[in-house]
Amino acid sequence: MTDSPHDHSGASLLGLPEIARQQHRITKKMLAAQFEDQAPADARLITKTVTSAQLVGILRPETIQVPEHQGFERTVVDIPVLEVVLAEKTTAADRSRVTELVHRSMAKPVVLLACMPDGATTLSLALSHISRTDPTRSTSVIDAHVVVPAGQIEPGALHLDRLDRTDMWALYRDLVRTAAADGRPASTALQAADAIALRRGLTDLETELTTVVRDAKQAKNQQRRIELNTQARTLRAQIERVRATLYSADHDHGVT
């Protein structure tokens with residue numbers, strides 16, 4: 001199977017071997033089932049926003065030659081790779097909520113590609129553990145969640161043969177760490193949870209900078225304009241520091 005250079009499917013993004021690839025449709029009912037009794041509003045949100053869902057791969061010890069993980073908080077023997085197509089006019093908040101719900105609906109790490117009708121694809125990954133309050137042990141609690149536009153990830157960076165192959169959980173954590181830095185993490189010492197926190201902090205700082213720059217342009221009072229421009233300089237310096245910690249030096253991210 002040949003993947004185009006711009007193919008952002010899960011199989012292509014991870015460089016899945018043929019033996020790990022799947023093509024199975026998943027019903028909306030199956031995705032929503034975990035929430036129908038306890039959280040019907042969440043079940044309705046899944047039904048409303050998910051147009052279709054498909055299992056495109058399963059990472060297993062025998063298909064990717066990585067040992068399973070046995071630990072106190074989790075056992076990882078397989079990692080599904082899912083693709084969901086979201087309905088048009090799905091808000092950013094609903095998109096984020098639905099991806100979280102999909103991660104929570106399974107008692108295992110999940111690689112999730114969320115595709116918008118306009119062709120934009122985001123990769124959603126979550127550090128999670130099995131819910132201790134779920135008597136069936138079939139759902140997860142999310143410890144940290146990251147969503148990354150698939151198109152800005154360094155090509156080939158998430159291929160399985162480049163990731164930590166100690167065991168399945170190490171592989172998934174390395175996938176999270178690498179994706180949070182768009183495929184170019186600054187250091188091998190950077191942990192997955194820290195990479196997510198840096199990514200989130202960077203997004204918040206960039207959003208704040210955009211607002212401050214806009215307000216400075218609109219400010220009628222000169223003193224206020226000076227204050228805002230000073231604040232913008234401080235934010236740019238903070239952004240540079242976070243980027244230096246998250247991204248490798250050759251990562252070209254311009255400052256707004």
# chains A, B, ... in the order shown; residues from 1 in each chain; ligands from 1
call {"tool": "residues_around", "arguments": {"residues": "stretch 66-80 of chain A", "least_positions_apart": "5", "cutoff": "10 Å", "atoms": "only C-alpha atoms", "output": "PyMOL selection string"}}
result
chain A and resi 20+22+55-61+106-112+128-132+140+160+164-172
call {"tool": "write_last_selection", "arguments": {"atoms": "C-alpha atoms", "output": "PDB file, in the first residue's frame"}}
result
ATOM      1  CA  ALA A  20      -1.154  -3.843  11.737  1.00  0.00           C
ATOM      2  CA  GLN A  22      -7.321  -2.603   9.578  1.00  0.00           C
ATOM      3  CA  LEU A  55     -10.660   1.422  12.976  1.00  0.00           C
ATOM      4  CA  VAL A  56      -7.633   1.758  10.664  1.00  0.00           C
ATOM      5  CA  GLY A  57      -5.021  -0.074  12.704  1.00  0.00           C
ATOM      6  CA  ILE A  58      -4.242  -1.997  15.884  1.00  0.00           C
ATOM      7  CA  LEU A  59      -0.804  -1.914  17.464  1.00  0.00           C
ATOM      8  CA  ARG A  60      -0.114  -5.287  19.092  1.00  0.00           C
ATOM      9  CA  PRO A  61       3.106  -6.985  20.210  1.00  0.00           C
ATOM     10  CA  MET A 106     -11.876   2.785  26.123  1.00  0.00           C
ATOM     11  CA  ALA A 107      -9.699   1.180  28.798  1.00  0.00           C
ATOM     12  CA  LYS A 108      -6.531   1.591  26.746  1.00  0.00           C
ATOM     13  CA  PRO A 109      -4.434   4.272  25.034  1.00  0.00           C
ATOM     14  CA  VAL A 110      -5.916   5.345  21.703  1.00  0.00           C
ATOM     15  CA  VAL A 111      -4.467   7.062  18.642  1.00  0.00           C
ATOM     16  CA  LEU A 112      -7.293   9.200  17.252  1.00  0.00           C
ATOM     17  CA  SER A 128      -4.801   8.022  30.661  1.00  0.00           C
ATOM     18  CA  HIS A 129      -5.396   5.284  33.213  1.00  0.00           C
ATOM     19  CA  ILE A 130      -8.273   2.861  33.761  1.00  0.00           C
ATOM     20  CA  SER A 131     -11.066   4.424  35.824  1.00  0.00           C
ATOM     21  CA  ARG A 132     -10.970   3.107  39.401  1.00  0.00           C
ATOM     22  CA  SER A 140     -10.369   5.585  31.194  1.00  0.00           C
ATOM     23  CA  LEU A 160       6.747   3.496  14.930  1.00  0.00           C
ATOM     24  CA  ASP A 164      10.753   4.113  22.088  1.00  0.00           C
ATOM     25  CA  ARG A 165      10.127   0.380  21.624  1.00  0.00           C
ATOM     26  CA  THR A 166      10.772  -0.723  25.237  1.00  0.00           C
ATOM     27  CA  ASP A 167       7.108  -1.708  25.616  1.00  0.00           C
ATOM     28  CA  MET A 168       3.665  -0.593  24.404  1.00  0.00           C
ATOM     29  CA  TRP A 169       3.200   2.115  27.056  1.00  0.00           C
ATOM     30  CA  ALA A 170       6.698   3.517  26.464  1.00  0.00           C
ATOM     31  CA  LEU A 171       5.929   3.606  22.736  1.00  0.00           C
ATOM     32  CA  TYR A 172       2.666   5.501  23.300  1.00  0.00           C
TER      33      TYR A 172
END
call {"tool": "residues_around", "arguments": {"residues": "stretch 188-191 of chain A", "least_positions_apart": "2", "cutoff": "12 Å", "atoms": "only C-alpha atoms", "output": "PyMOL selection string"}}
result
chain A and resi 127+163-164+170+172-181+184-186+193-198+244-248
call {"tool": "select_by_dssp", "arguments": {"residues": "stretch 86-120 of chain A", "states": "strand (DSSP E)", "output": "PyMOL selection string"}}
result
chain A and resi 86+111-115
call {"tool": "closest_atom_pairs", "arguments": {"of": "stretch 136-169 of chain A", "to": "stretch 94-103 of chain A", "cutoff": "12 Å", "atoms": "only C-alpha atoms", "output": "Markdown table"}}
result
| residue | atom | partner | partner_atom | distance |
| --- | --- | --- | --- | --- |
| A:Ser138 | CA | A:His103 | CA | 11.3 |
| A:Thr139 | CA | A:His103 | CA | 8.4 |
| A:Ser140 | CA | A:His103 | CA | 7.1 |
| A:Val141 | CA | A:His103 | CA | 8.4 |
| A:Ile142 | CA | A:His103 | CA | 7.6 |
| A:Asp143 | CA | A:Glu100 | CA | 10.8 |
| A:Ala144 | CA | A:Glu100 | CA | 9.9 |
| A:His145 | CA | A:Glu100 | CA | 7.6 |
| A:Val146 | CA | A:Ser96 | CA | 9.5 |
| A:Val147 | CA | A:Ser96 | CA | 8.0 |
| A:Val148 | CA | A:Ser96 | CA | 11.1 |
call {"tool": "closest_residue", "arguments": {"among": "A:Arg104, A:Gln65, A:Met116, A:Glu208", "to": "A:Lys89", "atoms": "only C-alpha atoms"}}
result
A:Met116
call {"tool": "residues_around", "arguments": {"residues": "stretch 230-234 of chain A", "least_positions_apart": "6", "cutoff": "10 Å", "atoms": "only C-alpha atoms", "output": "ChimeraX atom specification"}}
result
/A:208-213,216,224,256
call {"tool": "write_last_selection", "arguments": {"atoms": "C-alpha atoms", "output": "PDB file, in the first residue's frame"}}
result
ATOM      1  CA  GLU A 208      -2.605  36.194  24.655  1.00  0.00           C
ATOM      2  CA  LEU A 209       0.012  37.798  22.379  1.00  0.00           C
ATOM      3  CA  THR A 210      -2.468  37.990  19.487  1.00  0.00           C
ATOM      4  CA  THR A 211      -4.958  39.783  21.772  1.00  0.00           C
ATOM      5  CA  VAL A 212      -2.349  42.208  23.152  1.00  0.00           C
ATOM      6  CA  VAL A 213      -1.028  43.084  19.661  1.00  0.00           C
ATOM      7  CA  ALA A 216      -2.166  47.887  21.027  1.00  0.00           C
ATOM      8  CA  ARG A 224      -1.799  52.580  26.975  1.00  0.00           C
ATOM      9  CA  THR A 256       3.744  36.520  15.818  1.00  0.00           C
TER      10      THR A 256
END
call {"tool": "atom_distance", "arguments": {"atom1": "atom CA of A:Cys115", "atom2": "atom CA of A:Ser9"}}
result
9.2 Å
call {"tool": "closest_residue", "arguments": {"among": "A:Ala39, A:Val84, A:Leu31, A:Leu13", "to": "A:Gly183", "atoms": "only C-alpha atoms"}}
result
A:Leu13
call {"tool": "select_by_dssp", "arguments": {"residues": "stretch 143-253 of chain A", "states": "helix (DSSP H, G or I)", "output": "PyMOL selection string"}}
result
chain A and resi 150-152+160-162+168-180+192-218+222-246
call {"tool": "residues_around", "arguments": {"residues": "A:Thr122", "least_positions_apart": "5", "cutoff": "6 Å", "atoms": "only C-alpha atoms", "output": "MDAnalysis selection string"}}
result
chainID A and resid 113:114 148:150
call {"tool": "write_last_selection", "arguments": {"atoms": "N, CA and C atoms", "output": "short mmCIF file (atom, residue, chain, number, x, y, z; two decimals), in the first residue's frame"}}
result
data_model
loop_
_atom_site.label_atom_id
_atom_site.label_comp_id
_atom_site.auth_asym_id
_atom_site.auth_seq_id
_atom_site.Cartn_x
_atom_site.Cartn_y
_atom_site.Cartn_z
N LEU A 113 -7.47 10.09 15.02
CA LEU A 113 -7.42 11.12 13.98
C LEU A 113 -8.82 11.67 13.79
N ALA A 114 -8.99 12.97 13.97
CA ALA A 114 -10.29 13.61 13.77
C ALA A 114 -10.24 14.41 12.48
N VAL A 148 -3.06 17.95 18.01
CA VAL A 148 -2.07 18.57 17.14
C VAL A 148 -2.55 18.52 15.69
N PRO A 149 -2.49 19.64 14.94
CA PRO A 149 -2.82 19.56 13.51
C PRO A 149 -1.86 18.59 12.81
N ALA A 150 -2.41 17.58 12.16
CA ALA A 150 -1.57 16.54 11.54
C ALA A 150 -0.65 17.13 10.48
#
call {"tool": "closest_residue", "arguments": {"among": "A:His159, A:Arg243, A:Lys48, A:His24", "to": "A:Ala11", "atoms": "only C-alpha atoms"}}
result
A:His159
